[in-house]
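**Q** Okay, here's the structure, questions in a sec.
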2 protein chains.
Amino acid sequence: MLSEFELIRKYFERAPRQARPGERSARGVALGIGDDAALLRPSAGMELAVSTDLLLEGRHFRAGADPRKLGHKVLAVNLSDMAAMGAAPRWATLAISLPAADEAWLDQFSKGFFALAERFGVELVGGDTTRGPLSLCVTILGEVPAGLALFRAGAGPGDDIWVSGELGGAALGLAKPEFAAAVKRLDEPEPRVELGERLRGIASAAIDVSDGFAQDLGHILERSAVGAIVEYERLPQPADVKRIQDKALQSRLVLSGGDDYELVFTAPQAARAEVTALSSELKLALSRVGSIQVGEPRLLVLDSQGRPMAVAHGFDHFQP
Amino acid sequence: MLSEFELIRKYFERAPRQARPGERSARGVALGIGDDAALLRPSAGMELAVSTDLLLEGRHFRAGADPRKLGHKVLAVNLSDMAAMGAAPRWATLAISLPAADEAWLDQFSKGFFALAERFGVELVGGDTTRGPLSLCVTILGEVPAGLALFRAGAGPGDDIWVSGELGGAALGLAKPEFAAAVKRLDEPEPRVELGERLRGIASAAIDVSDGFAQDLGHILERSAVGAIVEYERLPQPADVKRIQDKALQSRLVLSGGDDYELVFTAPQAARAEVTALSSELKLALSRVGSIQVGEPRLLVLDSQGRPMAVAHGFDHFQP
């Protein structure tokens with residue numbers, strides 16, 4: 001069996017890449033994996049965005065999950081945090097505990113991880129491997145020009161509320177594995193990195209949908225000390241979710257389903273044309289779903305008749 | 001029971017501190033815990049050192065370990081990586097999985113963590129909490145003036161080999177819990193952060209002793225493509241280890257015991273007076289234990305009669 005050091009070398013230690021034409025820069029690494037720490041060269045005039053996520057088998061992903069998809073997902077959820085900050089992802093560290101040094105697993109996992117990393121010019125610069133129950137801890141570092149980051153605080157009364165892509169697909173995939181498109185949505189989320197970067201200077205606040213639309217928008221409302229009205233009919237749904245007959249289930253998926261990793265953001269009404277143009281340019285649906293209100297940080301979701309709907313609480317890792 | 005968000009707020013979300021007189025700067029945080037990512041302001045002209053460690057219950061620490069000591073240790077092992085790079089630690093993220101939202105545990109854990117963080121001016125800027133088997137993942141970020149970081153590569157033939165503090169104490173504490181001083185050494189290691197920073201421009205290579213002196217020095221030898229001769233009698237041992245009658249056990253503790261978090265470094269012979277002066281100034285023993293040799297990356301440890309000693313392999317998380 002390979003030792004810990006050999007494993008790291010074989011699957012995770014790569015020479016820093018040269019940027020390919022049209023690709024983001026892969027520079028900024030003075031020293032990669034293989035020393036006590038990596039050494040990075042942040043760019044002048046940039047702030048550094050940092051986020052950490054810990055994913056556990058049986059909690060955040062199914063036991064026996066496809067390692068290639070898992071490699072994609074663990075990075076994708078972190079890239080999504082960078083997107084929500086308007087930051088360009090640049091570097092990542094990865095700590096893995098796994099029950100055995102399973103080379104086939106590591107081979108597939110690292111392929112999934114690096115395929116996504118390369119798409120976004122992210123360098124894996126450090127890590128740790130140990131034996132234990134399967135868990136994955138990724139820290140991502142990104143850069144954003146000083147003063148241009150997107151915060152949860154910042155939404156103002158009158159601002160529009162926008163959502164990228166579609167909501168509820170990932171939760172459908174979790175509930176009903178027979179829906180292949182929904183399962184793909186759950187297993188291989190697409191982080192909205194380009195959108196996040198392009199929203200600098202446009203959005204007044206942003207967050208990514210990891211715990212469910214209502215709960216995540218709720219964080220914006222709390223931090224911004226504002227309320228919101230959202231029209232349920234405007235919330236973008238994948239075809240499989242639209243077709244659901246059980247309307248209570250449907251609204252639960254759309255309003256409270258997690259793991260979609262879309263961006264929810266607010267922007268002044270004056271920015272509508274700009275947001276619409278951005279949607280065309282990025283070929284990514286951006287739906288205007290409601291507006292920010294003066295008042296308590298409370299979300300009111302209205303049905304097609306204008307009646308308030310019940311909103312289930314989103315996912316909490318310590319609540320039943 | 002408190003929710004995940006309330007837990008984070010109660011135990012880990014603190015307002016960035018003001019630096020106290022004589023303390024390192026606590027600045028550099030534009031946005032702390034509570035958004036999709038933290039926003040940091042790296043200093044101009046500095047490189048960023050980044051390292052991640054994952055600690056699992058039952059593997060890296062005993063089940064039922066004192067949470068306050070655990071809070072200290074999980075940060076200490078990461079600070080030690082900064083020390084080994086000559087970097088000044090500045091920011092950290094912390095991801096925890098724990099079986100239940102145990103407030104007494106979190107209270108003690110956060111006290112241990114923050115007590116050490118404050119001593120070294122480290123700000124906790126992000127994190128993640130989830131329910132699962134107890135595991136702790138810390139990513140540490142530090143700064144070092146460009147070009148002055150200490151690497152594992154860099155040791156040259158003729159260089160002296162130095163060790164800070166004492167070796168074997170932590171391993172003794174693990175093997176024999178009746179030795180209180182040794183157990184303290186294991187549970188509450190003292191990261192050699194100041195030493196690391198002061199070795200900039202003096203040391204030719206450095207590493208911290210996490211897996212055992214022989215194995216960790218071995219990494220320097222491999223990366224520097226040099227050999228080494230070490231005199232066993234010169235290796236600094238705590239009194240409890242010196243008194244051990246079983247000489248095979250003693251040498252195993254000293255040469256292959258992990259978790260001491262001392263620094264092993266190499267420096268040109270011309271730097272001897274400077275290293276000795278540094279030892280006095282920091283009130284920290286720095287022992288000259290051998291020298292770097294031309295040749296294969298092999299470590300020869302000689303006993304008091306000049307005979308080669310057997311060296312047990314250090315700890316590997318995937319080897320039996």
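A note on labels: chains of the structure tokens are A, B, ... as shown, every chain counts residues from 1, and ligands are counted from 1 in their shown order.
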Sorted by chain and rising residue number, which residues of chain A lie within 6 Å of chain B, and what are their closest atom pairs and distances in Å to one decimal, counting only C-alpha atoms, as CSV?

**A**
```
residue,atom,partner,partner_atom,distance
A:Ser3,CA,B:Phe318,CA,5.8
A:Glu4,CA,B:Phe318,CA,5.7
A:Asp36,CA,B:Asp81,CA,5.2
A:Ala37,CA,B:Ser51,CA,4.7
A:Ala38,CA,B:Val50,CA,5.1
A:Leu39,CA,B:Ala49,CA,4.5
A:Leu40,CA,B:Leu48,CA,4.8
A:Arg41,CA,B:Glu47,CA,5.2
A:Glu47,CA,B:Arg41,CA,5.2
A:Leu48,CA,B:Leu40,CA,4.8
A:Ala49,CA,B:Leu39,CA,4.5
A:Val50,CA,B:Ala38,CA,5.1
A:Ser51,CA,B:Ala37,CA,4.6
A:Thr52,CA,B:Gly127,CA,5.8
A:Asp53,CA,B:Asp128,CA,5.8
A:Asp81,CA,B:Asp36,CA,5.2
A:Gly127,CA,B:Thr52,CA,5.7
A:Asp128,CA,B:Asp53,CA,5.8
A:Thr130,CA,B:His317,CA,5.2
A:Arg131,CA,B:His317,CA,5.9
A:His317,CA,B:Thr130,CA,5.3
A:Phe318,CA,B:Glu4,CA,5.6
```

**Q** Can you tell me which residues surround segment 303-305 of chain A at a distance of at most 8 Å, considering only C-alpha atoms, apart from same-chain residues fewer than 4 positions away, and format the answer as JSON, numbers by chain?

**A** {"A": [231, 232, 233, 309]}

**Q** Next, write the just-selected residues to a file, as a short mmCIF file (atom, residue, chain, number, x, y, z; two decimals), in the first residue's frame, keeping C-alpha atoms as the atom set.

**A**
```cif
data_model
loop_
_atom_site.label_atom_id
_atom_site.label_comp_id
_atom_site.auth_asym_id
_atom_site.auth_seq_id
_atom_site.Cartn_x
_atom_site.Cartn_y
_atom_site.Cartn_z
CA GLU A 231 -43.62 36.12 -5.93
CA TYR A 232 -43.61 32.35 -5.92
CA GLU A 233 -44.62 32.10 -9.57
CA MET A 309 -47.39 31.02 1.56
#
```

**Q** What are the DSSP strand (DSSP E) residues of segment 62-219 of chain A, as a VMD selection string?

**A** chain A and resid 88 to 98 123 to 131 135 to 145 160 to 164 205 to 208

**Q** Could you take the residues named above and write them with N, CA and C atoms, as a short mmCIF file (atom, residue, chain, number, x, y, z; two decimals), in the first residue's frame?

**A**
```
data_model
loop_
_atom_site.label_atom_id
_atom_site.label_comp_id
_atom_site.auth_asym_id
_atom_site.auth_seq_id
_atom_site.Cartn_x
_atom_site.Cartn_y
_atom_site.Cartn_z
N ALA A 88 -12.64 36.05 -7.54
CA ALA A 88 -12.08 35.10 -8.50
C ALA A 88 -11.33 34.03 -7.72
N PRO A 89 -11.77 32.78 -7.80
CA PRO A 89 -11.09 31.71 -7.06
C PRO A 89 -9.68 31.51 -7.60
N ARG A 90 -8.72 31.28 -6.70
CA ARG A 90 -7.35 31.14 -7.18
C ARG A 90 -6.65 29.90 -6.61
N TRP A 91 -6.81 29.64 -5.31
CA TRP A 91 -6.05 28.56 -4.68
C TRP A 91 -6.97 27.76 -3.76
N ALA A 92 -6.63 26.50 -3.55
CA ALA A 92 -7.41 25.68 -2.63
C ALA A 92 -6.49 24.74 -1.86
N THR A 93 -6.93 24.39 -0.65
CA THR A 93 -6.29 23.28 0.08
C THR A 93 -7.37 22.22 0.31
N LEU A 94 -6.93 20.99 0.46
CA LEU A 94 -7.84 19.86 0.57
C LEU A 94 -7.35 18.93 1.66
N ALA A 95 -8.14 18.69 2.68
CA ALA A 95 -7.82 17.69 3.69
C ALA A 95 -8.84 16.56 3.58
N ILE A 96 -8.35 15.35 3.45
CA ILE A 96 -9.22 14.17 3.29
C ILE A 96 -8.96 13.19 4.40
N SER A 97 -10.00 12.67 5.02
CA SER A 97 -9.83 11.43 5.77
C SER A 97 -10.61 10.36 5.02
N LEU A 98 -9.98 9.22 4.83
CA LEU A 98 -10.69 8.12 4.17
C LEU A 98 -10.30 6.80 4.82
N GLU A 123 -5.50 26.50 -8.30
CA GLU A 123 -4.38 25.62 -7.99
C GLU A 123 -4.59 24.97 -6.63
N LEU A 124 -4.41 23.66 -6.57
CA LEU A 124 -4.41 22.96 -5.27
C LEU A 124 -3.02 23.15 -4.68
N VAL A 125 -2.94 23.83 -3.54
CA VAL A 125 -1.62 24.20 -3.01
C VAL A 125 -1.28 23.53 -1.68
N GLY A 126 -2.21 22.80 -1.11
CA GLY A 126 -1.88 22.16 0.16
C GLY A 126 -2.91 21.13 0.53
N GLY A 127 -2.56 20.28 1.48
CA GLY A 127 -3.53 19.29 1.89
C GLY A 127 -3.03 18.41 2.99
N ASP A 128 -3.86 17.48 3.33
CA ASP A 128 -3.59 16.58 4.42
C ASP A 128 -4.41 15.33 4.12
N THR A 129 -3.81 14.16 4.31
CA THR A 129 -4.58 12.92 4.17
C THR A 129 -4.41 12.12 5.44
N THR A 130 -5.48 11.49 5.86
CA THR A 130 -5.40 10.68 7.07
C THR A 130 -6.43 9.57 6.96
N ARG A 131 -6.27 8.54 7.78
CA ARG A 131 -7.21 7.45 7.74
C ARG A 131 -8.34 7.72 8.72
N SER A 135 -14.28 12.02 5.01
CA SER A 135 -14.66 13.42 5.12
C SER A 135 -13.70 14.25 4.29
N LEU A 136 -14.21 15.38 3.83
CA LEU A 136 -13.48 16.23 2.90
C LEU A 136 -13.57 17.67 3.38
N CYS A 137 -12.42 18.30 3.57
CA CYS A 137 -12.41 19.68 4.04
C CYS A 137 -11.63 20.51 3.03
N VAL A 138 -12.32 21.44 2.39
CA VAL A 138 -11.67 22.30 1.40
C VAL A 138 -11.68 23.74 1.89
N THR A 139 -10.53 24.38 1.79
CA THR A 139 -10.46 25.82 2.01
C THR A 139 -10.12 26.46 0.67
N ILE A 140 -10.90 27.45 0.30
CA ILE A 140 -10.67 28.11 -0.98
C ILE A 140 -10.25 29.55 -0.73
N LEU A 141 -9.33 30.01 -1.56
CA LEU A 141 -8.84 31.39 -1.48
C LEU A 141 -9.10 32.05 -2.83
N GLY A 142 -9.65 33.24 -2.79
CA GLY A 142 -9.89 33.95 -4.04
C GLY A 142 -9.52 35.41 -3.88
N GLU A 143 -9.56 36.11 -4.98
CA GLU A 143 -9.20 37.54 -4.93
C GLU A 143 -10.32 38.39 -5.51
N VAL A 144 -10.45 39.56 -4.92
CA VAL A 144 -11.45 40.51 -5.41
C VAL A 144 -10.85 41.91 -5.23
N PRO A 145 -11.02 42.78 -6.23
CA PRO A 145 -10.47 44.12 -6.08
C PRO A 145 -10.99 44.78 -4.80
N ASP A 160 -34.33 45.12 -6.42
CA ASP A 160 -34.88 43.87 -6.95
C ASP A 160 -34.14 42.68 -6.34
N ILE A 161 -34.85 41.54 -6.29
CA ILE A 161 -34.23 40.28 -5.87
C ILE A 161 -34.14 39.39 -7.11
N TRP A 162 -32.96 38.89 -7.38
CA TRP A 162 -32.71 38.07 -8.56
C TRP A 162 -32.21 36.67 -8.15
N VAL A 163 -32.48 35.71 -9.01
CA VAL A 163 -31.97 34.35 -8.80
C VAL A 163 -31.39 33.85 -10.11
N SER A 164 -30.25 33.23 -10.05
CA SER A 164 -29.68 32.63 -11.26
C SER A 164 -30.23 31.22 -11.45
N ALA A 205 -26.16 43.06 -2.81
CA ALA A 205 -25.92 41.98 -1.85
C ALA A 205 -26.00 40.67 -2.62
N ALA A 206 -25.36 39.63 -2.11
CA ALA A 206 -25.40 38.33 -2.79
C ALA A 206 -25.13 37.21 -1.79
N ILE A 207 -25.65 36.03 -2.12
CA ILE A 207 -25.40 34.82 -1.35
C ILE A 207 -25.62 33.65 -2.30
N ASP A 208 -25.05 32.49 -1.98
CA ASP A 208 -25.35 31.32 -2.80
C ASP A 208 -26.36 30.44 -2.07
#
```

**Q** Could you list, as an NGL selection string, every residue within 9 Å of Val241 of chain A, counting only C-alpha atoms and ignoring same-chain residues fewer than 3 positions away?

**A** :A and (167-169 or 172 or 182 or 237-238 or 244 or 250 or 253-254)

**Q** Once you have the residues from the selection above, write them out as a PDB file, in the first residue's frame, restricted to C-alpha atoms.

**A**
```
ATOM      1  CA  LEU A 167     -34.251  26.271  -7.828  1.00  0.00           C
ATOM      2  CA  GLY A 168     -35.273  22.948  -6.339  1.00  0.00           C
ATOM      3  CA  GLY A 169     -33.519  20.588  -8.743  1.00  0.00           C
ATOM      4  CA  LEU A 172     -35.608  16.785  -6.076  1.00  0.00           C
ATOM      5  CA  ALA A 182     -32.126  16.464 -10.870  1.00  0.00           C
ATOM      6  CA  GLN A 237     -37.998  25.846 -11.576  1.00  0.00           C
ATOM      7  CA  PRO A 238     -36.568  22.980 -13.607  1.00  0.00           C
ATOM      8  CA  ILE A 244     -44.826  17.885  -9.659  1.00  0.00           C
ATOM      9  CA  GLN A 250     -43.055  21.463  -5.009  1.00  0.00           C
ATOM     10  CA  LEU A 253     -38.276  21.964  -3.004  1.00  0.00           C
ATOM     11  CA  VAL A 254     -38.231  25.415  -4.558  1.00  0.00           C
TER      12      VAL A 254
END
```

**Q** Based on DSSP run over this structure's backbone, return all residues of segment 5-239 of chain A in helix (DSSP H, G or I), as a VMD selection string.

**A** chain A and resid 5 to 12 67 to 85 103 to 119 169 to 175 180 to 187 193 to 198 213 to 224 232 to 234 239

**Q** Between B:Pro308, B:Gly290, B:Pro268, B:Pro191, which residue has the minimum interatomic distance to Leu217 of chain B, considering only C-alpha atoms?

**A**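 Of B:Pro308, B:Gly290, B:Pro268, B:Pro191, the one nearest Leu217 of chain B, counting only C-alpha atoms, is B:Gly290.
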
**Q** Neighbours of Glu197 of chain B within 6 Å (only C-alpha atoms; same-chain residues fewer than 3 positions away dropped), as a list in words?

**A**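 Here the answer would be Gly86, Ala87, Glu194 and Arg200 of chain B.
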
**Q** Please write the residues from the selection above to a file, keeping all heavy atoms, as a CSV table (one decimal), in the first residue's frame.

**A**
```
chain,number,residue,atom,x,y,z
B,86,GLY,N,8.9,30.1,8.6
B,86,GLY,CA,9.3,31.4,9.0
B,86,GLY,C,8.3,32.5,8.8
B,86,GLY,O,8.5,33.7,8.6
B,87,ALA,N,7.0,32.0,8.7
B,87,ALA,CA,5.9,32.9,8.5
B,87,ALA,C,5.3,33.4,9.8
B,87,ALA,O,5.2,32.7,10.8
B,87,ALA,CB,4.8,32.3,7.6
B,194,GLU,N,8.0,32.3,17.2
B,194,GLU,CA,9.0,33.4,17.2
B,194,GLU,C,10.3,32.9,16.6
B,194,GLU,O,11.0,33.6,15.9
B,194,GLU,CB,9.2,33.9,18.6
B,194,GLU,CG,8.1,34.7,19.1
B,194,GLU,CD,8.3,35.2,20.5
B,194,GLU,OE1,8.7,34.4,21.3
B,194,GLU,OE2,8.0,36.4,20.7
B,200,ARG,N,14.6,33.5,9.7
B,200,ARG,CA,14.6,34.1,8.4
B,200,ARG,C,16.0,34.6,8.1
B,200,ARG,O,16.5,35.4,8.9
B,200,ARG,CB,13.6,35.2,8.2
B,200,ARG,CG,12.2,34.8,8.2
B,200,ARG,CD,11.4,36.1,8.2
B,200,ARG,NE,10.0,35.9,8.5
B,200,ARG,CZ,9.1,36.8,9.0
B,200,ARG,NH1,9.5,38.1,9.1
B,200,ARG,NH2,7.9,36.5,9.2
```

**Q** Just how far from atom CA of Ser224 of chain B is atom CA of Gly306 of chain B, in Å to one decimal?

**A**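 Computed distance, atom CA of Gly306 of chain B to atom CA of Ser224 of chain B, equals 25.0 Å.
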
**Q** What lies within 9 Å of Glu188 of chain B using only C-alpha atoms, ignoring chain neighbours under 2 positions off, as a list in words?

**A**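 So, after excluding close chain neighbours, the residues are Lys69, Leu70, His72, Lys73, Ala76, Val183, Lys184, Arg185, Leu186 and Glu190 of chain B.
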
**Q** Report the distance between atom CA of Gly112 of chain B and atom CA of Ser279 of chain B in Å, rounded to one decimal place.

**A**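 Atom-to-atom, atom CA of Gly112 of chain B and atom CA of Ser279 of chain B are spaced 27.6 Å apart.
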
**Q** Pick the closest to Phe265 of chain A from A:Arg288, A:Lys242, A:Arg9, A:Arg307: which is it, counting only C-alpha atoms?

**A**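 Selected residue with least distance to Phe265 of chain A: A:Arg288.
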